[in-house]
Structures are given as C-alpha cells and as structure tokens.
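In what follows, a single structure is set out as structure tokens and then discussed.
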Amino acid sequence: MSCSSPIRAVTFDAYNTLFDFAGNALPTLRAILPEEVHERLDTVWDTMNGVVIRLFREFVGHRREDFPRFLTLADVHRACFAEVRTCLLPTLDVDAATEAWNRYIARVPLFDDARPAVEWAAARFPTAIVSDIDTWMLLENPVLASLPFSAIVTSEDDRSYKAMADSTMFQRASKLLGCPPENLVHVGDSSSDVAGAKRVGAHAIWLNRNGRRPPDDMPAPDGELRTLAELPALLSTLISEGR
C-alpha cells in the first residue's frame, strides 16, 4: 500500500458498505410479490441483478452528455420489475412493486460493524457519504440522522454515477469536507467506489466482506478490508506510510 498525500477526510459508500441492502432482500420480495412466484424468488433476484449490472455497465467511463435523460435508481428499479413481469410474472403491477422496493431501500439497517467505524472516523476526520442512490431513499432512512456525517453526496444530486468519466461526486464531497480530493480516502464495496475515487486522485479502500476476487475492471485499491472493524488499523497504516 502507498499513501503519498496525507488523509484529512473520510467518505463512505452507503449500501452494502454501511447499510445491509441484501440482508432482507428475499423476504422483502416475498412480501411484495404474489405467491405464484415465491418458489422462484432466487430467479427473480437473479433477474433483477442482471438488469442492474447491465444498466450500470452503460455508465462506466461515459459522460453526462451520453445520457440526455439521467437514469435514477428508481428508474433502474422500475426496469428490474418490468423485466420480472416480462420473464416471470405477466400480471405484475410494476409501479406498485417498484414503490414497495424503493421503500425497502429507504429503511434497510446498518451492518453491525458500520456505526463503530463511522463514529471512530468522525471523531478524527470530517466524514461524508458518497452513494450511488436517489437522495430521498437515503435521507428517509431513520438510522441516518444518528450517524455523525458532515455531508452527503448522492448520484441523483450530482446527476452522475461514480463510475462515469465526468462524475464530480468525489469533488463535491472533498469541497464539502474542506480538503482537496487527494487528501480524501473513500471506503466502499464496489469497483465503482475504487475506480471513482482513484480517478480524481483520492485514496480508495475496498471493503471485501466475502473475500471475493477483485473485479477485472477495478484499479488496485490503497487497502482492503474484510470488515469495517479493520478500518482504524488500516487508516493508521496509510497515514503512517504517508508521512
């Protein structure tokens, strides 16, 4: 690992980093969808993930001008359920399912290791969330107000996603936190977290909860975690190496 610039601020991805998005996904789908598809929820989940992966791949490396109409996460969710209707459930009310799913996103709980890590970081650095999410979904989560964040930057507010070539999400965060991007360290679970942070000169820590292989399109992070409980030790190492 190397850290050529001092760390003066910390940002966190939200979903699958701080918030356990996937933990109750299947029970939520069971509650949303009719019984006739309950035995195929794994297939539903795979179908939805396929749509998400396909749509987000379209953003990678592209610019705002390539998308005359910005696609919000709610739009992505609607596309997911439209695909479920086409492939698995012709009677599905796509709008109702999308609304229910969005409400689930807006109330997912924290991982057990999230609050201690955020509180530790916030006691030492200005901290923010940088998330590919619709703003209201994050702000309506009742847990958010109890976390000591100084700022929040969302893809909806920036009209871009982290993986886009002209995304300014991390520049926005660094400005709100009072430091240039090269003094920022971002913690996230996806290749877009690492790539987006590194593209603007920020440091990137990859949260790899499941010990998976690094995605082929992900630049080398400045550090890797299996749990957020490891963050204090890793940040201390990065800071030491940057002196």
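Scheme for the structure tokens: letters A, B, ... for chains in order shown; per-chain residue numbers from 1; ligand numbers from 1 in order shown.
Proximity to stretch 42-50 of chain A at 10 Å, evaluated using only C-alpha atoms and with sequence-adjacent residues fewer than 2 positions away removed, yields A:Ala25, A:Leu26, A:Leu29, A:Leu33, A:Val37, A:His38, A:Glu39, A:Arg40, A:Val52, A:Ile53, A:Arg54, A:Leu55, A:Val76, A:His77, A:Arg78, A:Ala79, A:Cys80, A:Phe81, A:Ala82, A:Glu83, A:Val84, A:Arg85, A:Cys87, A:Leu88, A:Leu89.
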Take the residues from that selection and write them out as a short mmCIF file (atom, residue, chain, number, x, y, z; two decimals), in the first residue's frame, keeping C-alpha atoms.
data_model
loop_
_atom_site.label_atom_id
_atom_site.label_comp_id
_atom_site.auth_asym_id
_atom_site.auth_seq_id
_atom_site.Cartn_x
_atom_site.Cartn_y
_atom_site.Cartn_z
CA ALA A 25 -33.93 -8.63 0.08
CA LEU A 26 -35.54 -12.02 -0.49
CA LEU A 29 -39.53 -9.65 -2.37
CA LEU A 33 -44.68 -10.28 -4.98
CA VAL A 37 -43.68 -16.58 -7.82
CA HIS A 38 -42.49 -17.29 -4.26
CA GLU A 39 -40.87 -20.57 -5.22
CA ARG A 40 -38.81 -18.70 -7.82
CA VAL A 52 -28.83 -3.62 -12.55
CA ILE A 53 -25.50 -4.91 -13.85
CA ARG A 54 -26.49 -4.27 -17.47
CA LEU A 55 -27.71 -0.73 -16.85
CA VAL A 76 -33.40 1.26 -12.54
CA HIS A 77 -35.72 -0.46 -10.07
CA ARG A 78 -38.67 0.06 -12.41
CA ALA A 79 -36.65 -1.56 -15.20
CA CYS A 80 -35.93 -4.51 -12.89
CA PHE A 81 -39.57 -5.19 -12.19
CA ALA A 82 -40.50 -4.64 -15.82
CA GLU A 83 -38.06 -7.43 -16.67
CA VAL A 84 -39.57 -9.64 -13.95
CA ARG A 85 -43.01 -9.03 -15.47
CA CYS A 87 -39.87 -13.02 -17.98
CA LEU A 88 -41.67 -14.44 -14.96
CA LEU A 89 -44.87 -12.72 -13.88
#
Which of stretch 8-87 of chain A fall in strand (DSSP E), as a list of chain:residue names: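 Strand (DSSP E) members of stretch 8-87 of chain A, listed: A:Ala9, A:Val10, A:Thr11, A:Phe12.
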Gap from atom CA of A:Leu235 to atom CA of A:Phe170 - Å, one decimal: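 Distance between the two atoms: 18.7 Å.
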Shell around A:Gly223 at 8 Å using only C-alpha atoms, local window under 5 positions removed, as an NGL selection string: :A and (1 or 204-206 or 234)
Could you write out the selected residues, including C-alpha atoms, as an mmCIF file, in the first residue's frame?
data_model
loop_
_atom_site.group_PDB
_atom_site.id
_atom_site.type_symbol
_atom_site.label_atom_id
_atom_site.label_comp_id
_atom_site.auth_asym_id
_atom_site.auth_seq_id
_atom_site.Cartn_x
_atom_site.Cartn_y
_atom_site.Cartn_z
ATOM 1 C CA MET A 1 0.000 0.000 0.000
ATOM 2 C CA ALA A 204 -9.613 4.117 -2.046
ATOM 3 C CA ILE A 205 -10.223 1.310 0.429
ATOM 4 C CA TRP A 206 -12.075 -1.735 -0.885
ATOM 5 C CA LEU A 234 -5.721 0.251 8.092
#
Who sits within 7 Å of stretch 152-166 of chain A, only C-alpha atoms, same chain under 4 positions skipped, as number ranges by chain: A: 59-64, 70, 72, 128-135, 173, 192-193, 195-196
Next, write the just-selected residues to a file, as a PDB file, in the first residue's frame, keeping C-alpha atoms as the atom set.
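Result written to again.pdb:
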ATOM      1  CA  PHE A  59     -22.485   4.334 -17.231  1.00  0.00           C
ATOM      2  CA  VAL A  60     -18.903   3.123 -16.816  1.00  0.00           C
ATOM      3  CA  GLY A  61     -16.491   5.535 -18.445  1.00  0.00           C
ATOM      4  CA  HIS A  62     -19.250   7.567 -20.089  1.00  0.00           C
ATOM      5  CA  ARG A  63     -20.167  11.216 -19.618  1.00  0.00           C
ATOM      6  CA  ARG A  64     -23.353  13.050 -18.712  1.00  0.00           C
ATOM      7  CA  PHE A  70     -30.464  10.831 -16.281  1.00  0.00           C
ATOM      8  CA  THR A  72     -32.219   7.478 -11.336  1.00  0.00           C
ATOM      9  CA  ALA A 128     -19.384  12.086   4.411  1.00  0.00           C
ATOM     10  CA  ILE A 129     -21.448   9.562   2.492  1.00  0.00           C
ATOM     11  CA  VAL A 130     -20.851   9.314  -1.264  1.00  0.00           C
ATOM     12  CA  SER A 131     -23.507   6.998  -2.663  1.00  0.00           C
ATOM     13  CA  ASP A 132     -24.991   5.933  -5.993  1.00  0.00           C
ATOM     14  CA  ILE A 133     -28.510   6.386  -4.670  1.00  0.00           C
ATOM     15  CA  ASP A 134     -31.569   8.599  -5.030  1.00  0.00           C
ATOM     16  CA  THR A 135     -31.363  11.267  -2.363  1.00  0.00           C
ATOM     17  CA  ALA A 173     -17.516  15.622  -1.179  1.00  0.00           C
ATOM     18  CA  SER A 192     -17.064   1.881  -8.995  1.00  0.00           C
ATOM     19  CA  ASP A 193     -16.135   3.035  -5.487  1.00  0.00           C
ATOM     20  CA  ALA A 195     -12.380   3.497  -9.695  1.00  0.00           C
ATOM     21  CA  GLY A 196     -14.322   6.680  -8.987  1.00  0.00           C
TER      22      GLY A 196
END
DSSP alpha helix (DSSP H) residues within stretch 58-140 of chain A, listed as a PyMOL selection string: chain A and resi 73-87+94-105+114-122+135-139
Contacts of A:Glu99 at 10 Å (only C-alpha atoms; same-chain gap of 5+ positions) as JSON, numbers by chain: {"A": [32, 74, 77, 78, 94, 104, 105]}
For the selection just defined, write its residues with C-alpha atoms to a file, as a CSV table (one decimal), in the first residue's frame.
chain,number,residue,atom,x,y,z
A,32,ILE,CA,-44.0,-7.6,-2.4
A,74,ALA,CA,-35.9,4.4,-9.0
A,77,HIS,CA,-35.7,-0.5,-10.1
A,78,ARG,CA,-38.7,0.1,-12.4
A,94,VAL,CA,-44.6,-2.8,-12.0
A,104,TYR,CA,-37.4,-1.1,1.4
A,105,ILE,CA,-34.2,0.6,0.3
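Of the residues listed (A:Ala114, A:Ala31, A:Ala96, A:Ala9), A:Ala9 shows the shortest atom-to-atom separation from A:Gly178; distances use only C-alpha atoms.
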Point-to-point distance in Å for atom CA of A:Lys198 and atom CA of A:Glu182: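 Between these atoms lies a distance of 9.0 Å.
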Polymer residues at most 12 Å from A:Asn210, only C-alpha atoms, same-chain spacing of 3 or more positions, as a VMD selection string: chain A and resid 16 to 17 189 206 to 207 213 to 214 224 to 227
Could you write those residues out with N, CA and C atoms, as an mmCIF file, in the first residue's frame?
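Result went into again15.cif, see below:
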data_model
loop_
_atom_site.group_PDB
_atom_site.id
_atom_site.type_symbol
_atom_site.label_atom_id
_atom_site.label_comp_id
_atom_site.auth_asym_id
_atom_site.auth_seq_id
_atom_site.Cartn_x
_atom_site.Cartn_y
_atom_site.Cartn_z
ATOM 1 N N ASN A 16 -24.496 -1.730 1.012
ATOM 2 C CA ASN A 16 -23.572 -2.863 1.030
ATOM 3 C C ASN A 16 -22.224 -2.518 1.656
ATOM 4 N N THR A 17 -22.068 -1.266 2.087
ATOM 5 C CA THR A 17 -20.898 -0.875 2.870
ATOM 6 C C THR A 17 -21.331 -0.568 4.296
ATOM 7 N N ASP A 189 -17.574 -0.859 -1.338
ATOM 8 C CA ASP A 189 -17.542 -2.300 -1.613
ATOM 9 C C ASP A 189 -17.462 -2.646 -3.090
ATOM 10 N N TRP A 206 -11.064 -0.800 -0.408
ATOM 11 C CA TRP A 206 -12.075 -1.735 -0.885
ATOM 12 C C TRP A 206 -12.554 -2.600 0.272
ATOM 13 N N LEU A 207 -13.857 -2.554 0.550
ATOM 14 C CA LEU A 207 -14.466 -3.415 1.551
ATOM 15 C C LEU A 207 -14.915 -4.692 0.861
ATOM 16 N N ARG A 213 -12.698 -12.418 -5.442
ATOM 17 C CA ARG A 213 -11.623 -11.928 -6.296
ATOM 18 C C ARG A 213 -11.919 -10.493 -6.695
ATOM 19 N N PRO A 214 -10.898 -9.661 -6.838
ATOM 20 C CA PRO A 214 -11.139 -8.290 -7.299
ATOM 21 C C PRO A 214 -11.744 -8.305 -8.694
ATOM 22 N N GLU A 224 -7.450 -2.988 1.583
ATOM 23 C CA GLU A 224 -8.597 -3.885 1.509
ATOM 24 C C GLU A 224 -9.007 -4.296 2.910
ATOM 25 N N LEU A 225 -10.325 -4.342 3.141
ATOM 26 C CA LEU A 225 -10.885 -4.733 4.422
ATOM 27 C C LEU A 225 -11.829 -5.913 4.230
ATOM 28 N N ARG A 226 -11.913 -6.765 5.227
ATOM 29 C CA ARG A 226 -12.951 -7.794 5.254
ATOM 30 C C ARG A 226 -14.115 -7.346 6.124
ATOM 31 N N THR A 227 -13.868 -6.405 7.005
ATOM 32 C CA THR A 227 -14.893 -5.857 7.879
ATOM 33 C C THR A 227 -14.517 -4.426 8.219
#
Distance of atom CA of A:Ser236 from atom CA of A:Arg209, expressed in Å to one decimal place: 20.2 Å
Option closest in space to A:Ser190, from A:Arg212, A:Arg8, A:His203, A:Arg172 [counting only C-alpha atoms]: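 Of all the options, A:Arg212 lies closest to A:Ser190.
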Nearest to A:Ala100, chosen from A:Met137, A:Val10, A:Ala122, A:Phe67, with only C-alpha atoms counted in the distances: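 Smallest separation from A:Ala100 among the options: A:Met137.
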Neighbour list for A:Ala229 as a PyMOL selection string, cut-off 8 Å, only C-alpha atoms, skip fewer than 6 positions in-chain: chain A and resi 113-114+116-117
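The residue that comes closest to A:His186, out of A:Thr127, A:Ala220, A:Pro6, A:Leu144 and on the basis of only C-alpha atoms, is A:Thr127.
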